[in-house]
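Trainee: File target.pdb below, PDB, C-alpha atoms:
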ATOM      1  CA  MET A   6      36.553   0.298 -12.975
ATOM      2  CA  LYS A   7      34.751   2.109 -10.157
ATOM      3  CA  LEU A   8      33.696  -0.188  -7.318
ATOM      4  CA  LYS A   9      29.935  -0.741  -7.292
ATOM      5  CA  HIS A  10      27.789  -2.697  -4.819
ATOM      6  CA  PHE A  11      24.240  -4.026  -5.135
ATOM      7  CA  LEU A  12      22.742  -3.719  -1.654
ATOM      8  CA  GLN A  13      19.333  -2.319  -2.609
ATOM      9  CA  PHE A  14      17.437  -2.352  -5.884
ATOM     10  CA  ASN A  15      17.956   1.364  -6.439
ATOM     11  CA  ASP A  16      21.738   1.057  -6.109
ATOM     12  CA  LEU A  17      21.630   0.575  -9.882
ATOM     13  CA  SER A  18      20.207   3.061 -12.369
ATOM     14  CA  LYS A  19      17.223   2.379 -14.588
ATOM     15  CA  ASP A  20      19.614   2.117 -17.515
ATOM     16  CA  ASP A  21      21.747  -0.435 -15.634
ATOM     17  CA  ILE A  22      18.685  -2.527 -14.788
ATOM     18  CA  TYR A  23      17.509  -2.712 -18.391
ATOM     19  CA  TYR A  24      21.043  -3.516 -19.493
ATOM     20  CA  LEU A  25      21.009  -6.440 -17.022
ATOM     21  CA  PHE A  26      17.757  -7.706 -18.533
ATOM     22  CA  GLN A  27      19.312  -7.631 -22.018
ATOM     23  CA  ARG A  28      22.349  -9.522 -20.809
ATOM     24  CA  ALA A  29      20.215 -12.006 -18.865
ATOM     25  CA  LYS A  30      18.358 -12.896 -22.075
ATOM     26  CA  TRP A  31      21.622 -13.407 -23.949
ATOM     27  CA  LEU A  32      23.153 -15.439 -21.120
ATOM     28  CA  LYS A  33      20.016 -17.568 -20.841
ATOM     29  CA  ASP A  34      20.133 -18.271 -24.567
ATOM     30  CA  GLN A  35      23.782 -19.349 -24.241
ATOM     31  CA  PHE A  36      22.842 -21.638 -21.358
ATOM     32  CA  LYS A  37      19.932 -23.215 -23.259
ATOM     33  CA  ASN A  38      22.150 -23.849 -26.278
ATOM     34  CA  TYR A  39      25.020 -25.334 -24.241
ATOM     35  CA  LYS A  40      27.409 -22.616 -25.386
ATOM     36  CA  LYS A  41      30.472 -22.014 -23.238
ATOM     37  CA  TYR A  42      30.975 -18.412 -22.083
ATOM     38  CA  TRP A  43      33.664 -17.825 -19.456
ATOM     39  CA  PRO A  44      34.207 -14.079 -18.927
ATOM     40  CA  LEU A  45      34.877 -14.631 -15.210
ATOM     41  CA  GLU A  46      37.539 -17.318 -15.563
ATOM     42  CA  ASP A  47      39.855 -17.339 -12.521
ATOM     43  CA  ARG A  48      37.483 -15.041 -10.586
ATOM     44  CA  THR A  49      36.170 -16.117  -7.177
ATOM     45  CA  LEU A  50      32.812 -15.449  -5.553
ATOM     46  CA  VAL A  51      32.559 -15.817  -1.779
ATOM     47  CA  MET A  52      29.031 -16.557  -0.553
ATOM     48  CA  ILE A  53      28.376 -15.794   3.117
ATOM     49  CA  PHE A  54      25.213 -17.271   4.616
ATOM     50  CA  GLU A  55      23.736 -16.388   7.970
ATOM     51  CA  LYS A  56      20.225 -17.291   6.766
ATOM     52  CA  ALA A  57      19.403 -20.653   5.211
ATOM     53  CA  SER A  58      18.927 -20.853   1.455
ATOM     54  CA  THR A  59      18.183 -23.096  -1.495
ATOM     55  CA  ARG A  60      17.656 -20.862  -4.535
ATOM     56  CA  THR A  61      20.156 -18.168  -3.554
ATOM     57  CA  ARG A  62      23.048 -20.565  -3.033
ATOM     58  CA  LEU A  63      22.253 -22.726  -6.042
ATOM     59  CA  SER A  64      21.759 -19.816  -8.448
ATOM     60  CA  PHE A  65      24.898 -17.926  -7.393
ATOM     61  CA  GLU A  66      27.117 -21.004  -7.189
ATOM     62  CA  SER A  67      25.920 -22.441 -10.492
ATOM     63  CA  GLY A  68      25.977 -19.035 -12.130
ATOM     64  CA  MET A  69      29.566 -18.289 -11.152
ATOM     65  CA  GLN A  70      30.696 -21.686 -12.407
ATOM     66  CA  GLN A  71      28.819 -21.235 -15.689
ATOM     67  CA  LEU A  72      30.716 -17.955 -16.188
ATOM     68  CA  GLY A  73      34.024 -19.780 -15.709
ATOM     69  CA  GLY A  74      34.666 -18.734 -12.119
ATOM     70  CA  SER A  75      34.504 -20.489  -8.779
ATOM     71  CA  ALA A  76      32.307 -20.039  -5.723
ATOM     72  CA  ILE A  77      33.171 -20.600  -2.065
ATOM     73  CA  TYR A  78      30.430 -21.204   0.504
ATOM     74  CA  LEU A  79      30.857 -19.801   4.019
ATOM     75  CA  ASN A  80      28.307 -20.277   6.768
ATOM     76  CA  THR A  81      28.673 -17.916   9.716
ATOM     77  CA  LYS A  82      28.222 -20.880  12.069
ATOM     78  CA  ASP A  83      31.339 -22.494  10.599
ATOM     79  CA  SER A  84      33.546 -19.401  10.404
ATOM     80  CA  GLN A  85      35.012 -16.738  12.662
ATOM     81  CA  LEU A  86      32.099 -14.437  11.734
ATOM     82  CA  GLY A  87      29.963 -16.654  13.945
ATOM     83  CA  ARG A  88      32.430 -16.336  16.810
ATOM     84  CA  GLY A  89      32.388 -12.584  17.164
ATOM     85  CA  GLU A  90      34.854 -11.389  14.518
ATOM     86  CA  PRO A  91      33.900  -7.808  13.602
ATOM     87  CA  VAL A  92      32.172  -7.502  10.232
ATOM     88  CA  GLU A  93      34.661  -4.790   9.281
ATOM     89  CA  ASP A  94      37.657  -7.093   9.884
ATOM     90  CA  ALA A  95      36.053  -9.963   7.975
ATOM     91  CA  ALA A  96      35.367  -7.665   5.029
ATOM     92  CA  GLN A  97      39.005  -6.523   4.906
ATOM     93  CA  VAL A  98      40.270 -10.100   4.786
ATOM     94  CA  ILE A  99      37.638 -11.752   2.588
ATOM     95  CA  SER A 100      37.756  -8.989  -0.029
ATOM     96  CA  ARG A 101      41.564  -9.416  -0.331
ATOM     97  CA  MET A 102      41.092 -13.101  -1.186
ATOM     98  CA  SER A 103      38.175 -12.909  -3.605
ATOM     99  CA  ASP A 104      36.703 -10.865  -6.457
ATOM    100  CA  VAL A 105      33.076 -10.491  -5.379
ATOM    101  CA  VAL A 106      31.066 -11.272  -2.231
ATOM    102  CA  MET A 107      27.408 -12.213  -1.842
ATOM    103  CA  ILE A 108      25.906 -12.032   1.655
ATOM    104  CA  ARG A 109      22.591 -13.413   2.930
ATOM    105  CA  THR A 110      22.043 -12.131   6.443
ATOM    106  CA  PHE A 111      19.627 -10.465   8.863
ATOM    107  CA  GLU A 112      19.989  -6.683   9.324
ATOM    108  CA  GLN A 113      20.760  -4.488   6.328
ATOM    109  CA  GLU A 114      23.273  -2.684   8.520
ATOM    110  CA  ILE A 115      25.500  -5.777   8.513
ATOM    111  CA  ILE A 116      25.860  -5.864   4.738
ATOM    112  CA  GLU A 117      26.362  -2.096   4.571
ATOM    113  CA  ARG A 118      29.195  -2.269   7.128
ATOM    114  CA  PHE A 119      30.771  -5.091   5.156
ATOM    115  CA  ALA A 120      30.534  -3.144   1.884
ATOM    116  CA  GLU A 121      32.110  -0.050   3.455
ATOM    117  CA  ASN A 122      35.207  -2.113   4.249
ATOM    118  CA  SER A 123      35.327  -4.250   1.110
ATOM    119  CA  ARG A 124      37.738  -3.902  -1.786
ATOM    120  CA  VAL A 125      35.383  -5.834  -4.086
ATOM    121  CA  PRO A 126      31.702  -5.626  -5.079
ATOM    122  CA  VAL A 127      29.199  -6.825  -2.484
ATOM    123  CA  ILE A 128      25.785  -8.240  -3.441
ATOM    124  CA  ASN A 129      22.747  -8.486  -1.186
ATOM    125  CA  GLY A 130      21.510 -12.089  -1.328
ATOM    126  CA  LEU A 131      18.747 -11.177   1.166
ATOM    127  CA  THR A 132      18.411  -9.122   4.331
ATOM    128  CA  ASN A 133      15.470  -8.435   6.619
ATOM    129  CA  GLU A 134      14.865  -5.211   4.704
ATOM    130  CA  TYR A 135      15.528  -6.044   1.028
ATOM    131  CA  HIS A 136      15.827  -8.837  -1.533
ATOM    132  CA  PRO A 137      17.001  -7.077  -4.707
ATOM    133  CA  CYS A 138      18.185 -10.118  -6.692
ATOM    134  CA  GLN A 139      14.738 -11.681  -6.352
ATOM    135  CA  ILE A 140      13.000  -8.652  -7.820
ATOM    136  CA  LEU A 141      15.482  -8.512 -10.698
ATOM    137  CA  ALA A 142      14.408 -12.051 -11.545
ATOM    138  CA  ASP A 143      10.710 -11.307 -11.052
ATOM    139  CA  ILE A 144      10.657  -8.282 -13.334
ATOM    140  CA  TYR A 145      12.758 -10.028 -15.958
ATOM    141  CA  THR A 146      10.271 -12.923 -15.846
ATOM    142  CA  TYR A 147       7.349 -10.557 -16.339
ATOM    143  CA  ILE A 148       9.062  -8.950 -19.339
ATOM    144  CA  GLU A 149       9.830 -12.405 -20.751
ATOM    145  CA  HIS A 150       6.147 -13.404 -20.563
ATOM    146  CA  ARG A 151       4.243 -10.148 -21.074
ATOM    147  CA  GLY A 152       6.619  -7.432 -22.298
ATOM    148  CA  SER A 153       7.343  -4.076 -20.676
ATOM    149  CA  ILE A 154       6.342  -3.618 -17.042
ATOM    150  CA  GLU A 155       6.290   0.172 -17.333
ATOM    151  CA  GLY A 156       2.858   1.546 -16.479
ATOM    152  CA  LYS A 157       1.589  -1.866 -15.350
ATOM    153  CA  THR A 158       0.166  -2.719 -11.919
ATOM    154  CA  VAL A 159       1.670  -5.232  -9.507
ATOM    155  CA  ALA A 160      -0.471  -6.422  -6.590
ATOM    156  CA  TRP A 161       1.384  -7.471  -3.451
ATOM    157  CA  ILE A 162      -0.798  -9.525  -1.115
ATOM    158  CA  GLY A 163       0.336 -10.372   2.424
ATOM    159  CA  ASP A 164       3.181  -9.305   4.689
ATOM    160  CA  SER A 165       5.066  -6.087   3.861
ATOM    161  CA  ASN A 166       8.413  -7.828   4.117
ATOM    162  CA  ASN A 167      11.794  -7.469   2.409
ATOM    163  CA  VAL A 168      10.450  -8.653  -0.952
ATOM    164  CA  CYS A 169       7.583  -6.163  -0.803
ATOM    165  CA  ASN A 170       9.991  -3.353   0.117
ATOM    166  CA  THR A 171      12.113  -4.144  -2.915
ATOM    167  CA  TRP A 172       9.103  -4.253  -5.250
ATOM    168  CA  LEU A 173       8.266  -0.752  -4.030
ATOM    169  CA  GLN A 174      11.763   0.510  -4.826
ATOM    170  CA  ALA A 175      11.571  -1.077  -8.269
ATOM    171  CA  ALA A 176       8.216   0.569  -8.990
ATOM    172  CA  GLU A 177       9.723   4.004  -8.363
ATOM    173  CA  LEU A 178      12.764   3.307 -10.490
ATOM    174  CA  LEU A 179      11.046   1.562 -13.414
ATOM    175  CA  ASN A 180       7.753   3.488 -13.414
ATOM    176  CA  PHE A 181       5.075   0.918 -12.653
ATOM    177  CA  ASN A 182       2.390   0.834  -9.960
ATOM    178  CA  MET A 183       2.208  -1.139  -6.740
ATOM    179  CA  HIS A 184      -1.034  -2.125  -5.016
ATOM    180  CA  VAL A 185      -0.247  -3.436  -1.545
ATOM    181  CA  SER A 186      -2.695  -5.104   0.815
ATOM    182  CA  THR A 187      -1.658  -6.287   4.267
ATOM    183  CA  PRO A 188      -3.512  -6.966   7.514
ATOM    184  CA  LYS A 189      -3.641  -4.078   9.955
ATOM    185  CA  GLY A 190      -0.413  -3.768  11.847
ATOM    186  CA  TYR A 191       1.614  -5.159   8.951
ATOM    187  CA  GLU A 192       1.429  -2.176   6.603
ATOM    188  CA  VAL A 193       4.340  -0.859   4.566
ATOM    189  CA  GLU A 194       6.845   1.181   6.575
ATOM    190  CA  VAL A 195       7.732   3.830   4.009
ATOM    191  CA  GLU A 196      11.040   4.800   5.617
ATOM    192  CA  ARG A 197      12.147   1.180   6.023
ATOM    193  CA  ALA A 198      11.243   0.487   2.410
ATOM    194  CA  GLY A 199      13.421   3.401   1.338
ATOM    195  CA  LEU A 200      10.633   5.178  -0.575
ATOM    196  CA  TYR A 201      10.969   8.783  -1.632
ATOM    197  CA  ASP A 202       7.277   9.303  -2.378
ATOM    198  CA  ASP A 203       4.065   7.316  -2.829
ATOM    199  CA  SER A 204       3.307   8.220  -6.437
ATOM    200  CA  HIS A 205       3.774   4.575  -7.534
ATOM    201  CA  PHE A 206       2.225   2.964  -4.491
ATOM    202  CA  GLU A 207      -1.233   2.551  -2.966
ATOM    203  CA  GLN A 208      -2.306   0.573   0.099
ATOM    204  CA  PHE A 209      -5.611  -1.335   0.252
ATOM    205  CA  GLU A 210      -7.392  -2.756   3.272
ATOM    206  CA  ASN A 211      -9.185  -5.332   1.120
ATOM    207  CA  PRO A 212      -6.854  -7.655  -0.822
ATOM    208  CA  MET A 213      -9.510  -8.147  -3.495
ATOM    209  CA  ASP A 214      -9.385  -4.413  -4.216
ATOM    210  CA  ALA A 215      -5.599  -4.541  -4.486
ATOM    211  CA  ALA A 216      -5.782  -7.391  -7.001
ATOM    212  CA  LYS A 217      -8.434  -5.737  -9.152
ATOM    213  CA  GLY A 218      -7.040  -5.111 -12.634
ATOM    214  CA  ALA A 219      -3.490  -6.060 -11.652
ATOM    215  CA  HIS A 220      -1.183  -7.412 -14.343
ATOM    216  CA  LEU A 221       0.920  -9.351 -11.854
ATOM    217  CA  VAL A 222      -0.180 -10.784  -8.508
ATOM    218  CA  THR A 223       2.533 -11.837  -6.079
ATOM    219  CA  THR A 224       2.932 -12.898  -2.481
ATOM    220  CA  ASP A 225       5.309 -14.561  -0.030
ATOM    221  CA  VAL A 226       5.096 -16.742   3.052
ATOM    222  CA  TRP A 227       3.190 -15.169   5.929
ATOM    223  CA  THR A 228       6.051 -15.821   8.347
ATOM    224  CA  SER A 229       9.531 -14.859   7.163
ATOM    225  CA  MET A 230      12.778 -16.222   8.604
ATOM    226  CA  GLY A 231      13.367 -14.802  12.040
ATOM    227  CA  TYR A 232       9.652 -14.553  12.879
ATOM    228  CA  GLU A 233       8.913 -18.246  13.408
ATOM    229  CA  SER A 234       7.598 -17.621  16.932
ATOM    230  CA  GLU A 235       4.698 -15.665  15.372
ATOM    231  CA  LEU A 236       3.636 -18.481  13.022
ATOM    232  CA  LYS A 237       0.423 -19.528  14.790
ATOM    233  CA  GLU A 238      -0.742 -15.936  15.300
ATOM    234  CA  ARG A 239       0.058 -14.944  11.727
ATOM    235  CA  LYS A 240      -1.873 -17.868  10.260
ATOM    236  CA  SER A 241      -4.993 -16.492  11.904
ATOM    237  CA  ILE A 242      -4.346 -12.826  11.084
ATOM    238  CA  PHE A 243      -3.435 -13.423   7.428
ATOM    239  CA  ALA A 244      -6.181 -15.934   6.606
ATOM    240  CA  ASP A 245      -8.053 -13.501   4.322
ATOM    241  CA  TRP A 246      -4.849 -12.657   2.414
ATOM    242  CA  GLN A 247      -4.568 -16.002   0.678
ATOM    243  CA  VAL A 248      -4.174 -15.738  -3.098
ATOM    244  CA  ASP A 249      -6.824 -18.027  -4.542
ATOM    245  CA  LYS A 250      -8.665 -18.415  -7.840
ATOM    246  CA  GLU A 251     -11.293 -15.875  -6.805
ATOM    247  CA  MET A 252      -8.601 -13.265  -6.192
ATOM    248  CA  MET A 253      -6.857 -14.019  -9.484
ATOM    249  CA  ASN A 254     -10.211 -13.544 -11.245
ATOM    250  CA  GLU A 255     -10.196  -9.944  -9.994
ATOM    251  CA  ALA A 256      -6.880  -9.324 -11.748
ATOM    252  CA  ASP A 257      -6.389  -8.575 -15.445
ATOM    253  CA  LYS A 258      -7.351 -11.523 -17.646
ATOM    254  CA  ASP A 259      -3.694 -11.892 -18.727
ATOM    255  CA  ALA A 260      -2.294 -11.494 -15.207
ATOM    256  CA  VAL A 261       0.506 -13.766 -14.044
ATOM    257  CA  PHE A 262       1.120 -15.102 -10.550
ATOM    258  CA  MET A 263       4.532 -15.063  -8.880
ATOM    259  CA  HIS A 264       5.983 -16.307  -5.605
ATOM    260  CA  CYS A 265       9.652 -16.087  -4.601
ATOM    261  CA  LEU A 266       9.452 -19.581  -3.013
ATOM    262  CA  PRO A 267       9.444 -21.650  -0.923
ATOM    263  CA  ALA A 268       5.641 -21.628  -0.900
ATOM    264  CA  HIS A 269       3.196 -23.026   1.631
ATOM    265  CA  ARG A 270       0.271 -24.282  -0.405
ATOM    266  CA  GLY A 271      -2.952 -23.790   1.495
ATOM    267  CA  GLU A 272      -1.590 -20.768   3.365
ATOM    268  CA  GLU A 273      -0.536 -17.697   1.354
ATOM    269  CA  VAL A 274      -1.540 -19.332  -1.950
ATOM    270  CA  THR A 275      -3.753 -22.198  -3.015
ATOM    271  CA  ALA A 276      -2.386 -25.134  -4.985
ATOM    272  CA  GLU A 277      -4.876 -24.274  -7.734
ATOM    273  CA  VAL A 278      -3.153 -20.928  -8.306
ATOM    274  CA  ILE A 279       0.532 -21.801  -7.884
ATOM    275  CA  ASP A 280       0.163 -24.915 -10.046
ATOM    276  CA  GLY A 281      -2.266 -23.263 -12.448
ATOM    277  CA  PRO A 282      -1.875 -21.750 -15.935
ATOM    278  CA  GLN A 283      -1.263 -18.193 -14.702
ATOM    279  CA  SER A 284       1.641 -19.198 -12.490
ATOM    280  CA  VAL A 285       5.164 -18.477 -13.742
ATOM    281  CA  VAL A 286       6.950 -19.410 -10.524
ATOM    282  CA  TRP A 287       9.279 -21.995 -12.063
ATOM    283  CA  ASP A 288      10.504 -19.598 -14.755
ATOM    284  CA  GLU A 289      10.799 -16.987 -12.007
ATOM    285  CA  ALA A 290      12.982 -19.340  -9.944
ATOM    286  CA  GLU A 291      15.196 -20.265 -12.897
ATOM    287  CA  ASN A 292      15.662 -16.640 -13.857
ATOM    288  CA  ARG A 293      17.442 -15.959 -10.571
ATOM    289  CA  LEU A 294      20.335 -17.821 -12.214
ATOM    290  CA  HIS A 295      20.408 -15.725 -15.371
ATOM    291  CA  VAL A 296      19.904 -12.229 -13.942
ATOM    292  CA  GLN A 297      22.529 -12.909 -11.282
ATOM    293  CA  LYS A 298      25.003 -14.003 -13.940
ATOM    294  CA  ALA A 299      24.354 -10.691 -15.689
ATOM    295  CA  LEU A 300      24.827  -8.879 -12.372
ATOM    296  CA  LEU A 301      28.114 -10.656 -11.603
ATOM    297  CA  GLU A 302      29.396  -9.832 -15.080
ATOM    298  CA  LEU A 303      28.419  -6.162 -14.761
ATOM    299  CA  LEU A 304      29.957  -5.679 -11.315
ATOM    300  CA  LEU A 305      33.194  -7.466 -12.178
ATOM    301  CA  ILE A 306      33.995  -6.453 -15.761
ATOM    302  CA  GLY A 307      31.453  -3.774 -16.651
ATOM    303  CA  ARG A 308      29.285  -3.651 -19.758
ATOM    304  CA  VAL A 309      30.203  -6.058 -22.509
TER     305      VAL A 309
END
Go ahead and express the file in the form of C-alpha cells.
Mentor:
Amino acid sequence: MKLKHFLQFNDLSKDDIYYLFQRAKWLKDQFKNYKKYWPLEDRTLVMIFEKASTRTRLSFESGMQQLGGSAIYLNTKDSQLGRGEPVEDAAQVISRMSDVVMIRTFEQEIIERFAENSRVPVINGLTNEYHPCQILADIYTYIEHRGSIEGKTVAWIGDSNNVCNTWLQAAELLNFNMHVSTPKGYEVEVERAGLYDDSHFEQFENPMDAAKGAHLVTTDVWTSMGYESELKERKSIFADWQVDKEMMNEADKDAVFMHCLPAHRGEEVTAEVIDGPQSVVWDEAENRLHVQKALLELLLIGRV
C-alpha cells in the first residue's frame, strides 16, 4: 500500500474524506453497541506531543485501543527530541518501531520534515498552521446533525488561526462557503492557509455580517497556545467578536454552534450559546474519536 500522510486537510481527496465519514458512522455505531472490531491488532501508534492536549491524546489513544492496537505517549520534554535530536533522525528510528505516528507540535515544518523521513504514515494532531483532524470531526458532526455541508455557509468568528486555516482548505475541497470575521491585523493570511483561490471564502469586518444566514457558526479561543503573552491585549481587541445569542440570531434558524474546545465562557463565546440548544460541541468533541479511528484504519490498511 502506498504510504500516505495526513498533514493538511487537502492531503486527502474529496472522495477519501467522504469515505472517512462513512466509516466514522459505522465505527461509531460499533462503539455504541459495544461490538468488538480489531482491524489494527498488533499495530502501534506513537503519539508525540510538544503542545499540551486533552482531546487529541484521549481520542487517539482510546481510538487505537478500540481498534485493537496500542498507543505510546511521548512528550518532547521527556525524550531525546527535547534535547536536540534532529527531527530527521527521530523519524528514522520511531518509524522503524511503530506503524503510525501522530504529532502535535508548533511549526508545520517540523511535521513535514518528520514525514519526509518516516517509513510509516504521519498524522497532524495540531500545528500552528493547521488542525485537520479537528475539522474532520466538525464536518462529520454537521453532516450527522444537518446533512450535507455542500453549498452551506460556515461563519468563523475570531482569530484566523490553525483551525480557521483548515476550515478554509475544507471549504475549497468540499464545496461550501466560509465567512470569516477577524479584528484588523488578524485577517486570514491566504498563503499561510494554503488557499488556491478565494471563491469559497469572504472576509467581513463586522462579525454580525459574517454570521448572517450562516448554517454553522464556529469560533476558538482568542489566544492560542504560544501566544499567551498577548492575552491581555487580545481580550481588548477581540471583545466585539464574542459569539452571543444576538449573533446566533443573525444566523440561519437551524444553525448549529461549534467550538473545538477548550472554551473560555464569557470571552469568545457566552455560556448561553455554548450550553444552549444550538450547540453541538459535545458531539463534536466525541466525534474526534470516531473520525480518527476511520483515519487510522484508512492510512494503515486502506479501504475496507
Trainee: Of the candidates A:Ile162, A:Ala29, A:Ala175, A:Ala299, which one gets nearest to A:Asp249 if we count only C-alpha atoms?
Mentor: A:Ile162
Trainee: Which one is closest to A:Ala160: A:Arg60, A:Lys240, A:His264, A:Arg101? Count all atoms listed in the file.
Mentor: A:His264
Trainee: Evaluating the PyMOL selection byres ((chain A and resi 221-236) around 9) on the displayed file yields which residues, as a ChimeraX atom specification?
Mentor: /A:56-57,111,133,147,157-164,166,168-169,216,219-220,237-241,243,247-248,253,256-257,259-269,272-274
Trainee: Using only C-alpha atoms for the distances, tell me which of A:Phe206, A:Phe119, A:Tyr201, A:Trp246 is nearest to A:Thr187.
Mentor: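 The shortest atom-to-atom distance to A:Thr187 comes from A:Trp246.
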Trainee: Calculated over only C-alpha atoms, which of the candidates A:Ala95, A:Ile128, A:Val193, A:Leu86 has the smallest distance to A:Asn170?
Mentor: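 Among the listed residues, the smallest separation from A:Asn170 belongs to A:Val193.
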Trainee: Using all atoms listed in the file, find all polymer residues with an atom at most 12 Å away from the point (32.6, -20.5, 4.5); report them as a PyMOL selection string.
Mentor: chain A and resi 50-55+76-87+95+99+106-108
Trainee: Between atom CA of A:Ile148 and atom CA of A:Phe26, what is the distance, to one decimal in Å?
Mentor: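 According to the coordinates, atom CA of A:Ile148 and atom CA of A:Phe26 are separated by 8.8 Å.
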Trainee: Any chance you could model N, CA and C atoms for stretch 91-113 of chain A and send them as a PDB file, keeping the file's coordinate frame?
Mentor:
ATOM      1  N   PRO A  91      34.602  -8.978  14.126  1.00  0.00           N
ATOM      2  CA  PRO A  91      33.900  -7.808  13.602  1.00  0.00           C
ATOM      3  C   PRO A  91      33.672  -7.911  12.093  1.00  0.00           C
ATOM      4  N   VAL A  92      32.506  -7.480  11.651  1.00  0.00           N
ATOM      5  CA  VAL A  92      32.172  -7.502  10.232  1.00  0.00           C
ATOM      6  C   VAL A  92      33.224  -6.744   9.433  1.00  0.00           C
ATOM      7  N   GLU A  93      33.682  -5.619   9.980  1.00  0.00           N
ATOM      8  CA  GLU A  93      34.661  -4.790   9.281  1.00  0.00           C
ATOM      9  C   GLU A  93      35.972  -5.551   9.037  1.00  0.00           C
ATOM     10  N   ASP A  94      36.421  -6.321  10.032  1.00  0.00           N
ATOM     11  CA  ASP A  94      37.657  -7.093   9.884  1.00  0.00           C
ATOM     12  C   ASP A  94      37.474  -8.206   8.857  1.00  0.00           C
ATOM     13  N   ALA A  95      36.335  -8.886   8.931  1.00  0.00           N
ATOM     14  CA  ALA A  95      36.053  -9.963   7.975  1.00  0.00           C
ATOM     15  C   ALA A  95      36.035  -9.427   6.546  1.00  0.00           C
ATOM     16  N   ALA A  96      35.441  -8.269   6.361  1.00  0.00           N
ATOM     17  CA  ALA A  96      35.367  -7.665   5.029  1.00  0.00           C
ATOM     18  C   ALA A  96      36.755  -7.369   4.477  1.00  0.00           C
ATOM     19  N   GLN A  97      37.640  -6.839   5.336  1.00  0.00           N
ATOM     20  CA  GLN A  97      39.005  -6.523   4.906  1.00  0.00           C
ATOM     21  C   GLN A  97      39.719  -7.772   4.402  1.00  0.00           C
ATOM     22  N   VAL A  98      39.556  -8.871   5.135  1.00  0.00           N
ATOM     23  CA  VAL A  98      40.270 -10.100   4.786  1.00  0.00           C
ATOM     24  C   VAL A  98      39.633 -10.787   3.577  1.00  0.00           C
ATOM     25  N   ILE A  99      38.322 -11.009   3.646  1.00  0.00           N
ATOM     26  CA  ILE A  99      37.638 -11.752   2.588  1.00  0.00           C
ATOM     27  C   ILE A  99      37.774 -11.048   1.241  1.00  0.00           C
ATOM     28  N   SER A 100      37.689  -9.712   1.246  1.00  0.00           N
ATOM     29  CA  SER A 100      37.756  -8.989  -0.029  1.00  0.00           C
ATOM     30  C   SER A 100      39.175  -8.940  -0.602  1.00  0.00           C
ATOM     31  N   ARG A 101      40.197  -9.310   0.189  1.00  0.00           N
ATOM     32  CA  ARG A 101      41.564  -9.416  -0.331  1.00  0.00           C
ATOM     33  C   ARG A 101      41.822 -10.795  -0.939  1.00  0.00           C
ATOM     34  N   MET A 102      40.898 -11.735  -0.709  1.00  0.00           N
ATOM     35  CA  MET A 102      41.092 -13.101  -1.186  1.00  0.00           C
ATOM     36  C   MET A 102      40.042 -13.517  -2.211  1.00  0.00           C
ATOM     37  N   SER A 103      39.242 -12.576  -2.667  1.00  0.00           N
ATOM     38  CA  SER A 103      38.175 -12.909  -3.605  1.00  0.00           C
ATOM     39  C   SER A 103      37.915 -11.722  -4.523  1.00  0.00           C
ATOM     40  N   ASP A 104      37.008 -11.910  -5.478  1.00  0.00           N
ATOM     41  CA  ASP A 104      36.703 -10.865  -6.457  1.00  0.00           C
ATOM     42  C   ASP A 104      35.318 -10.263  -6.285  1.00  0.00           C
ATOM     43  N   VAL A 105      34.433 -10.969  -5.614  1.00  0.00           N
ATOM     44  CA  VAL A 105      33.076 -10.491  -5.379  1.00  0.00           C
ATOM     45  C   VAL A 105      32.505 -11.276  -4.204  1.00  0.00           C
ATOM     46  N   VAL A 106      31.643 -10.634  -3.424  1.00  0.00           N
ATOM     47  CA  VAL A 106      31.066 -11.272  -2.231  1.00  0.00           C
ATOM     48  C   VAL A 106      29.555 -11.135  -2.268  1.00  0.00           C
ATOM     49  N   MET A 107      28.860 -12.231  -1.999  1.00  0.00           N
ATOM     50  CA  MET A 107      27.408 -12.213  -1.842  1.00  0.00           C
ATOM     51  C   MET A 107      27.099 -12.572  -0.400  1.00  0.00           C
ATOM     52  N   ILE A 108      26.228 -11.811   0.246  1.00  0.00           N
ATOM     53  CA  ILE A 108      25.906 -12.032   1.655  1.00  0.00           C
ATOM     54  C   ILE A 108      24.400 -12.181   1.822  1.00  0.00           C
ATOM     55  N   ARG A 109      23.998 -13.188   2.579  1.00  0.00           N
ATOM     56  CA  ARG A 109      22.591 -13.413   2.930  1.00  0.00           C
ATOM     57  C   ARG A 109      22.520 -13.400   4.455  1.00  0.00           C
ATOM     58  N   THR A 110      21.949 -12.331   4.997  1.00  0.00           N
ATOM     59  CA  THR A 110      22.043 -12.131   6.443  1.00  0.00           C
ATOM     60  C   THR A 110      20.765 -11.507   6.987  1.00  0.00           C
ATOM     61  N   PHE A 111      20.800 -11.033   8.206  1.00  0.00           N
ATOM     62  CA  PHE A 111      19.627 -10.465   8.863  1.00  0.00           C
ATOM     63  C   PHE A 111      19.542  -8.956   8.615  1.00  0.00           C
ATOM     64  N   GLU A 112      20.145  -8.135   9.444  1.00  0.00           N
ATOM     65  CA  GLU A 112      19.989  -6.683   9.324  1.00  0.00           C
ATOM     66  C   GLU A 112      20.751  -6.126   8.131  1.00  0.00           C
ATOM     67  N   GLN A 113      20.128  -5.176   7.446  1.00  0.00           N
ATOM     68  CA  GLN A 113      20.760  -4.488   6.328  1.00  0.00           C
ATOM     69  C   GLN A 113      22.054  -3.804   6.766  1.00  0.00           C
TER      70      GLN A 113
END
